[in-house]
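Dropping model36.cif in here (mmCIF, C-alpha atoms):
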data_structure
loop_
_atom_site.group_PDB
_atom_site.id
_atom_site.type_symbol
_atom_site.label_atom_id
_atom_site.label_comp_id
_atom_site.auth_asym_id
_atom_site.auth_seq_id
_atom_site.Cartn_x
_atom_site.Cartn_y
_atom_site.Cartn_z
ATOM 1 C CA MET A 1 86.524 134.866 112.558
ATOM 2 C CA SER A 2 86.583 131.139 113.308
ATOM 3 C CA ASN A 3 87.111 129.780 116.788
ATOM 4 C CA ASP A 4 89.316 126.668 116.701
ATOM 5 C CA HIS A 5 88.528 126.006 120.365
ATOM 6 C CA ALA A 6 84.750 125.975 120.043
ATOM 7 C CA PRO A 7 82.865 122.694 120.649
ATOM 8 C CA SER A 8 82.881 120.539 117.540
ATOM 9 C CA ASP A 9 81.904 117.044 116.402
ATOM 10 C CA ARG A 10 84.838 116.942 114.003
ATOM 11 C CA VAL A 11 86.916 113.782 114.397
ATOM 12 C CA ILE A 12 90.529 114.652 115.218
ATOM 13 C CA VAL A 13 92.964 111.786 114.761
ATOM 14 C CA PRO A 14 96.504 111.403 116.143
ATOM 15 C CA ASP A 15 99.296 112.616 113.863
ATOM 16 C CA VAL A 16 101.724 109.751 114.442
ATOM 17 C CA LEU A 17 102.224 106.457 116.241
ATOM 18 C CA ALA A 18 104.448 107.684 119.065
ATOM 19 C CA HIS A 19 105.472 104.415 120.658
ATOM 20 C CA TRP A 20 104.312 101.031 121.854
ATOM 21 C CA VAL A 21 105.038 99.247 125.120
ATOM 22 C CA VAL A 22 105.763 95.540 125.480
ATOM 23 C CA LYS A 23 105.947 93.465 128.652
ATOM 24 C CA THR A 24 108.665 90.870 128.182
ATOM 25 C CA ALA A 25 110.690 88.281 130.024
ATOM 26 C CA ARG A 26 113.229 88.306 127.137
ATOM 27 C CA PRO A 27 114.629 91.874 127.238
ATOM 28 C CA ARG A 28 118.066 90.985 125.854
ATOM 29 C CA GLN A 29 116.649 89.040 122.889
ATOM 30 C CA MET A 30 114.103 91.792 122.225
ATOM 31 C CA ILE A 31 116.734 94.552 122.279
ATOM 32 C CA GLU A 32 118.922 92.558 119.898
ATOM 33 C CA TRP A 33 116.019 91.789 117.529
ATOM 34 C CA TYR A 34 114.811 95.376 117.288
ATOM 35 C CA GLY A 35 118.409 96.500 116.910
ATOM 36 C CA ILE A 36 118.728 94.304 113.821
ATOM 37 C CA VAL A 37 115.287 95.021 112.363
ATOM 38 C CA PHE A 38 115.009 98.784 112.996
ATOM 39 C CA GLY A 39 118.544 99.771 113.935
ATOM 40 C CA ALA A 40 117.154 100.567 117.385
ATOM 41 C CA THR A 41 119.410 101.907 120.106
ATOM 42 C CA VAL A 42 118.791 101.935 123.842
ATOM 43 C CA VAL A 43 118.319 105.466 125.181
ATOM 44 C CA HIS A 44 117.641 104.346 128.748
ATOM 45 C CA GLU A 45 117.722 101.030 130.571
ATOM 46 C CA ASP A 46 117.411 99.993 134.181
ATOM 47 C CA GLN A 47 116.248 96.894 136.013
ATOM 48 C CA GLN A 48 112.590 97.573 135.225
ATOM 49 C CA ILE A 49 112.407 99.075 131.745
ATOM 50 C CA ALA A 50 114.312 99.827 128.549
ATOM 51 C CA PHE A 51 113.522 102.631 126.077
ATOM 52 C CA LEU A 52 114.530 102.178 122.428
ATOM 53 C CA THR A 53 114.401 104.539 119.476
ATOM 54 C CA TRP A 54 115.506 104.626 115.830
ATOM 55 C CA ASP A 55 114.410 108.081 114.666
ATOM 56 C CA GLU A 56 113.611 111.556 115.978
ATOM 57 C CA GLU A 57 111.138 110.259 118.591
ATOM 58 C CA SER A 58 112.500 110.104 122.142
ATOM 59 C CA HIS A 59 111.402 106.465 122.323
ATOM 60 C CA ARG A 60 109.457 104.323 119.879
ATOM 61 C CA LEU A 61 109.423 101.170 121.968
ATOM 62 C CA ALA A 62 109.476 100.541 125.695
ATOM 63 C CA LEU A 63 110.247 97.111 127.106
ATOM 64 C CA VAL A 64 108.859 96.474 130.580
ATOM 65 C CA LYS A 65 110.966 93.735 132.117
ATOM 66 C CA LEU A 66 109.150 90.832 133.744
ATOM 67 C CA PRO A 67 110.768 88.055 135.820
ATOM 68 C CA GLY A 68 112.246 85.382 133.589
ATOM 69 C CA ALA A 69 110.403 82.640 135.505
ATOM 70 C CA LEU A 70 107.120 83.871 133.997
ATOM 71 C CA ARG A 71 108.232 82.474 130.635
ATOM 72 C CA PHE A 72 107.743 78.980 132.018
ATOM 73 C CA LEU A 73 104.288 79.768 133.413
ATOM 74 C CA PHE A 74 103.119 80.787 129.941
ATOM 75 C CA PRO A 75 104.959 78.490 127.495
ATOM 76 C CA LEU A 76 102.435 79.182 124.730
ATOM 77 C CA ALA A 77 102.753 82.966 124.846
ATOM 78 C CA ARG A 78 102.883 83.284 121.071
ATOM 79 C CA LEU A 79 99.569 81.479 120.739
ATOM 80 C CA ARG A 80 97.792 84.031 122.942
ATOM 81 C CA ARG A 81 97.927 86.514 120.037
ATOM 82 C CA LYS A 82 95.701 84.135 118.083
ATOM 83 C CA ILE A 83 92.953 84.397 120.704
ATOM 84 C CA TYR A 84 92.827 87.945 122.097
ATOM 85 C CA GLY A 85 94.689 91.213 122.481
ATOM 86 C CA VAL A 86 96.632 93.213 119.904
ATOM 87 C CA ASP A 87 97.044 91.207 116.710
ATOM 88 C CA HIS A 88 99.768 93.196 114.950
ATOM 89 C CA LEU A 89 101.217 96.609 114.140
ATOM 90 C CA ALA A 90 101.355 97.681 110.485
ATOM 91 C CA LEU A 91 104.255 99.857 109.290
ATOM 92 C CA THR A 92 104.288 101.289 105.765
ATOM 93 C CA PHE A 93 107.268 101.609 103.426
ATOM 94 C CA GLY A 94 107.154 104.210 100.671
ATOM 95 C CA ARG A 95 108.382 101.887 97.905
ATOM 96 C CA LEU A 96 108.315 98.178 97.126
ATOM 97 C CA ALA A 97 112.081 98.379 96.633
ATOM 98 C CA ASP A 98 112.522 99.534 100.243
ATOM 99 C CA LEU A 99 110.312 96.717 101.530
ATOM 100 C CA LEU A 100 112.179 94.063 99.557
ATOM 101 C CA GLN A 101 115.634 95.399 100.395
ATOM 102 C CA THR A 102 114.634 95.260 104.074
ATOM 103 C CA TYR A 103 113.468 91.671 103.519
ATOM 104 C CA GLU A 104 116.847 90.806 101.990
ATOM 105 C CA ARG A 105 118.802 92.462 104.806
ATOM 106 C CA LEU A 106 116.811 90.692 107.501
ATOM 107 C CA LYS A 107 117.075 87.375 105.669
ATOM 108 C CA ARG A 108 120.873 87.667 105.794
ATOM 109 C CA ALA A 109 120.525 88.138 109.562
ATOM 110 C CA GLY A 110 118.389 84.995 109.832
ATOM 111 C CA ILE A 111 115.085 86.852 110.306
ATOM 112 C CA LEU A 112 112.384 85.673 107.889
ATOM 113 C CA PRO A 113 108.746 86.701 107.478
ATOM 114 C CA VAL A 114 106.174 84.313 108.901
ATOM 115 C CA TRP A 115 103.746 85.278 106.125
ATOM 116 C CA SER A 116 104.186 87.049 102.779
ATOM 117 C CA ILE A 117 101.018 88.134 100.971
ATOM 118 C CA ASN A 118 99.496 90.543 98.504
ATOM 119 C CA HIS A 119 96.313 91.574 100.312
ATOM 120 C CA GLY A 120 95.060 93.565 97.326
ATOM 121 C CA PRO A 121 95.318 96.985 98.984
ATOM 122 C CA THR A 122 98.850 96.235 100.229
ATOM 123 C CA THR A 123 101.766 93.906 99.684
ATOM 124 C CA SER A 124 102.766 92.788 103.167
ATOM 125 C CA LEU A 125 105.499 90.840 104.927
ATOM 126 C CA TYR A 126 104.702 89.766 108.489
ATOM 127 C CA TYR A 127 107.437 89.272 111.071
ATOM 128 C CA GLU A 128 107.320 88.122 114.697
ATOM 129 C CA ASP A 129 109.656 89.401 117.385
ATOM 130 C CA PRO A 130 111.063 87.057 120.083
ATOM 131 C CA ASP A 131 107.840 87.371 122.116
ATOM 132 C CA GLY A 132 105.659 86.557 119.098
ATOM 133 C CA ILE A 133 104.433 90.131 118.567
ATOM 134 C CA ARG A 134 103.609 90.429 114.894
ATOM 135 C CA LEU A 135 104.722 93.394 112.776
ATOM 136 C CA GLU A 136 103.349 93.916 109.277
ATOM 137 C CA PHE A 137 105.777 95.651 106.925
ATOM 138 C CA GLN A 138 103.693 96.834 103.993
ATOM 139 C CA VAL A 139 103.641 98.933 100.855
ATOM 140 C CA GLU A 140 100.474 100.426 99.377
ATOM 141 C CA ASN A 141 99.482 98.775 96.091
ATOM 142 C CA TYR A 142 97.453 101.747 94.835
ATOM 143 C CA ALA A 143 98.660 105.274 94.261
ATOM 144 C CA THR A 144 95.695 107.027 95.912
ATOM 145 C CA PRO A 145 93.205 106.346 98.735
ATOM 146 C CA GLU A 146 90.424 106.613 96.141
ATOM 147 C CA GLU A 147 91.857 103.703 94.146
ATOM 148 C CA THR A 148 92.191 101.644 97.323
ATOM 149 C CA ALA A 149 88.574 102.402 98.274
ATOM 150 C CA GLU A 150 87.472 101.345 94.792
ATOM 151 C CA PHE A 151 89.230 98.006 95.223
ATOM 152 C CA PHE A 152 87.584 97.486 98.640
ATOM 153 C CA ALA A 153 84.215 97.889 96.904
ATOM 154 C CA SER A 154 85.058 95.452 94.084
ATOM 155 C CA ALA A 155 83.852 91.909 93.501
ATOM 156 C CA ASP A 156 87.471 90.720 93.531
ATOM 157 C CA PHE A 157 87.932 91.879 97.115
ATOM 158 C CA GLU A 158 84.586 90.401 98.186
ATOM 159 C CA ALA A 159 85.628 87.020 96.724
ATOM 160 C CA ASN A 160 89.042 87.073 98.422
ATOM 161 C CA PRO A 161 89.327 89.638 101.245
ATOM 162 C CA ILE A 162 92.610 88.223 102.563
ATOM 163 C CA GLY A 163 94.748 87.993 99.420
ATOM 164 C CA ILE A 164 97.267 85.795 97.645
ATOM 165 C CA ASP A 165 100.550 84.588 99.104
ATOM 166 C CA VAL A 166 103.701 85.942 97.452
ATOM 167 C CA ASP A 167 107.327 84.858 97.112
ATOM 168 C CA PRO A 168 109.437 87.891 98.150
ATOM 169 C CA ASP A 169 112.558 86.414 96.541
ATOM 170 C CA HIS A 170 110.709 86.209 93.214
ATOM 171 C CA LEU A 171 109.513 89.806 93.590
ATOM 172 C CA LEU A 172 113.067 90.941 94.291
ATOM 173 C CA GLU A 173 114.397 89.056 91.268
ATOM 174 C CA GLN A 174 111.732 90.632 89.047
ATOM 175 C CA LEU A 175 112.419 94.100 90.417
ATOM 176 C CA ARG A 176 116.132 93.763 89.689
ATOM 177 C CA ALA A 177 115.316 92.453 86.227
ATOM 178 C CA GLY A 178 113.655 95.774 85.480
ATOM 179 C CA VAL A 179 109.976 94.970 85.997
ATOM 180 C CA PRO A 180 108.240 98.182 87.126
ATOM 181 C CA GLU A 181 107.079 98.285 90.745
ATOM 182 C CA ARG A 182 103.509 99.029 89.640
ATOM 183 C CA GLU A 183 103.348 95.689 87.829
ATOM 184 C CA LEU A 184 104.821 93.805 90.789
ATOM 185 C CA LEU A 185 102.144 95.188 93.113
ATOM 186 C CA ALA A 186 99.385 93.460 91.145
ATOM 187 C CA GLN A 187 97.957 90.280 92.663
ATOM 188 C CA GLY A 188 99.589 87.245 91.101
ATOM 189 C CA ALA A 189 102.829 89.037 90.254
ATOM 190 C CA GLY A 190 104.475 87.604 93.366
ATOM 191 C CA THR A 191 103.868 83.994 92.307
ATOM 192 C CA ARG A 192 106.919 82.247 90.895
ATOM 193 C CA PRO A 193 106.260 80.634 87.476
ATOM 194 C CA GLY A 194 105.456 76.957 87.803
ATOM 195 C CA THR A 195 103.844 77.341 91.218
ATOM 196 C CA VAL A 196 100.193 77.736 92.091
ATOM 197 C CA PRO A 197 99.276 80.982 93.874
ATOM 198 C CA ARG A 198 97.783 80.329 97.275
ATOM 199 C CA ALA A 199 94.602 82.306 97.804
ATOM 200 C CA ASN A 200 93.375 83.023 101.333
ATOM 201 C CA LYS A 201 89.650 83.305 100.681
ATOM 202 C CA LYS A 202 88.266 82.817 104.174
ATOM 203 C CA ALA A 203 87.545 86.014 106.056
ATOM 204 C CA ILE A 204 89.247 84.600 109.177
ATOM 205 C CA THR A 205 92.138 82.158 109.200
ATOM 206 C CA TRP A 206 94.694 81.144 111.801
ATOM 207 C CA LYS A 207 97.249 83.119 109.835
ATOM 208 C CA THR A 208 95.241 86.306 110.121
ATOM 209 C CA LEU A 209 94.364 85.770 113.785
#
Let's see the structure in the file written out as structure tokens.
Amino acid sequence: MSNDHAPSDRVIVPDVLAHWVVKTARPRQMIEWYGIVFGATVVHEDQQIAFLTWDEESHRLALVKLPGALRFLFPLARLRRKIYGVDHLALTFGRLADLLQTYERLKRAGILPVWSINHGPTTSLYYEDPDGIRLEFQVENYATPEETAEFFASADFEANPIGIDVDPDHLLEQLRAGVPERELLAQGAGTRPGTVPRANKKAITWKTL
């Protein structure tokens, strides 16, 4: 009989991302932005903190309220992400159609990605909230982890580990024209005809920082 409580070197990983916490001097703008992007609702708010959720979790995001005057002490807050600290959070959609329909909905609300790219393993749209925190909305380009691992080990990935920029409007047009999602997840498929695909071949760029 096995003992699940015996000492073990087995790596046990968390099951889910429960929540993240953001310190902000822009609580109203942040609540509005996450309300548009995720359909978030406030489950608790006082003078110090606000808890937001959009699913079964009690809270997915907590906003710690800082004095508004601090905004003027750190006017380049968005640039700090390019130097240190958390770079971004990646959130996966199950289908390219869901990713692109979200892109279209947010575009109508005036929220556009700051970077759209096919990384090879994923097709990703990066957004920044009012405090410059970057969220990567992605879809897996390969059906299995084994296929993704094979791509990581390929010469193509070694030559261009960042990926090729994509035009999400072109992807959406192709999807609605009947092009299968699998074809649209291939690198180069997101480049509009007549334009040159932009490759991001350097391992580190200011976009990725």
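Going from CA of Ile164 (chain A) over to CA of Thr122 (chain A), you cover 10.9 Å.
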Subject >> Expected selection from the PyMOL selection byres ((chain A and resi 35-38) around 9), given as a PyMOL selection string >> reply: chain A and resi 30-34+39-42+52-54+102+105-106+109+111
Original post:
Which value, in Å to one decimal, gives the distance between CA of Ala189 (chain A) and CA of Gln174 (chain A)?
Top reply: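 These atoms are spaced 9.1 Å apart.
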Original post:
Which residues fall under the PyMOL selection byres ((chain A and resi 136) around 7) in this file, as a PyMOL selection string?
Top reply: chain A and resi 88-91+124-127+134-135+137-138
Subject >> Shell of 9 Å around Asn200 (chain A), only C-alpha atoms, local chain residues under 5 positions omitted, as a VMD selection string >> reply: chain A and resid 160 to 165 205
Original post:
How many Å lie between CA of Asp169 (chain A) and CA of Arg192 (chain A), rounded to one decimal?
Top reply: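 According to the coordinates, CA of Asp169 (chain A) and CA of Arg192 (chain A) are separated by 9.0 Å.
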Taking all atoms of region 183-187 of chain A that appear in the file, build a box with edges along x, y and z, extend it by 8 Å on every side, and state its centre and edge lengths in Å to one decimal, as AutoDock Vina command-line options.
--center_x 101.4 --center_y 93.0 --center_z 90.5 --size_x 22.9 --size_y 21.4 --size_z 21.3
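With distances restricted to all atoms listed in the file, A:Pro168 is the closest residue to Lys107 (chain A) from A:Pro168, A:Ile12, A:Glu173, A:Gly188.
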Original post:
Of the candidates A:Asp9, A:Glu45, A:Thr123, A:Ala50, which one gets nearest to Leu96 (chain A) if we count all atoms listed in the file?
Top reply: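 That would be A:Thr123, the residue with the smallest distance to Leu96 (chain A).
Residues captured in this structure file are His119, Gly120, Pro121, Thr122, Tyr142, Pro145, Glu146, Glu147, Thr148, Ala149, Glu150, Phe151, Ala153, Ser154, Ala155, Asp156, Phe157, Glu158, Ala159, Asn160, Pro161, Ile162 and Gly163 of chain A, according to the PyMOL selection byres ((chain A and resi 152) around 12).
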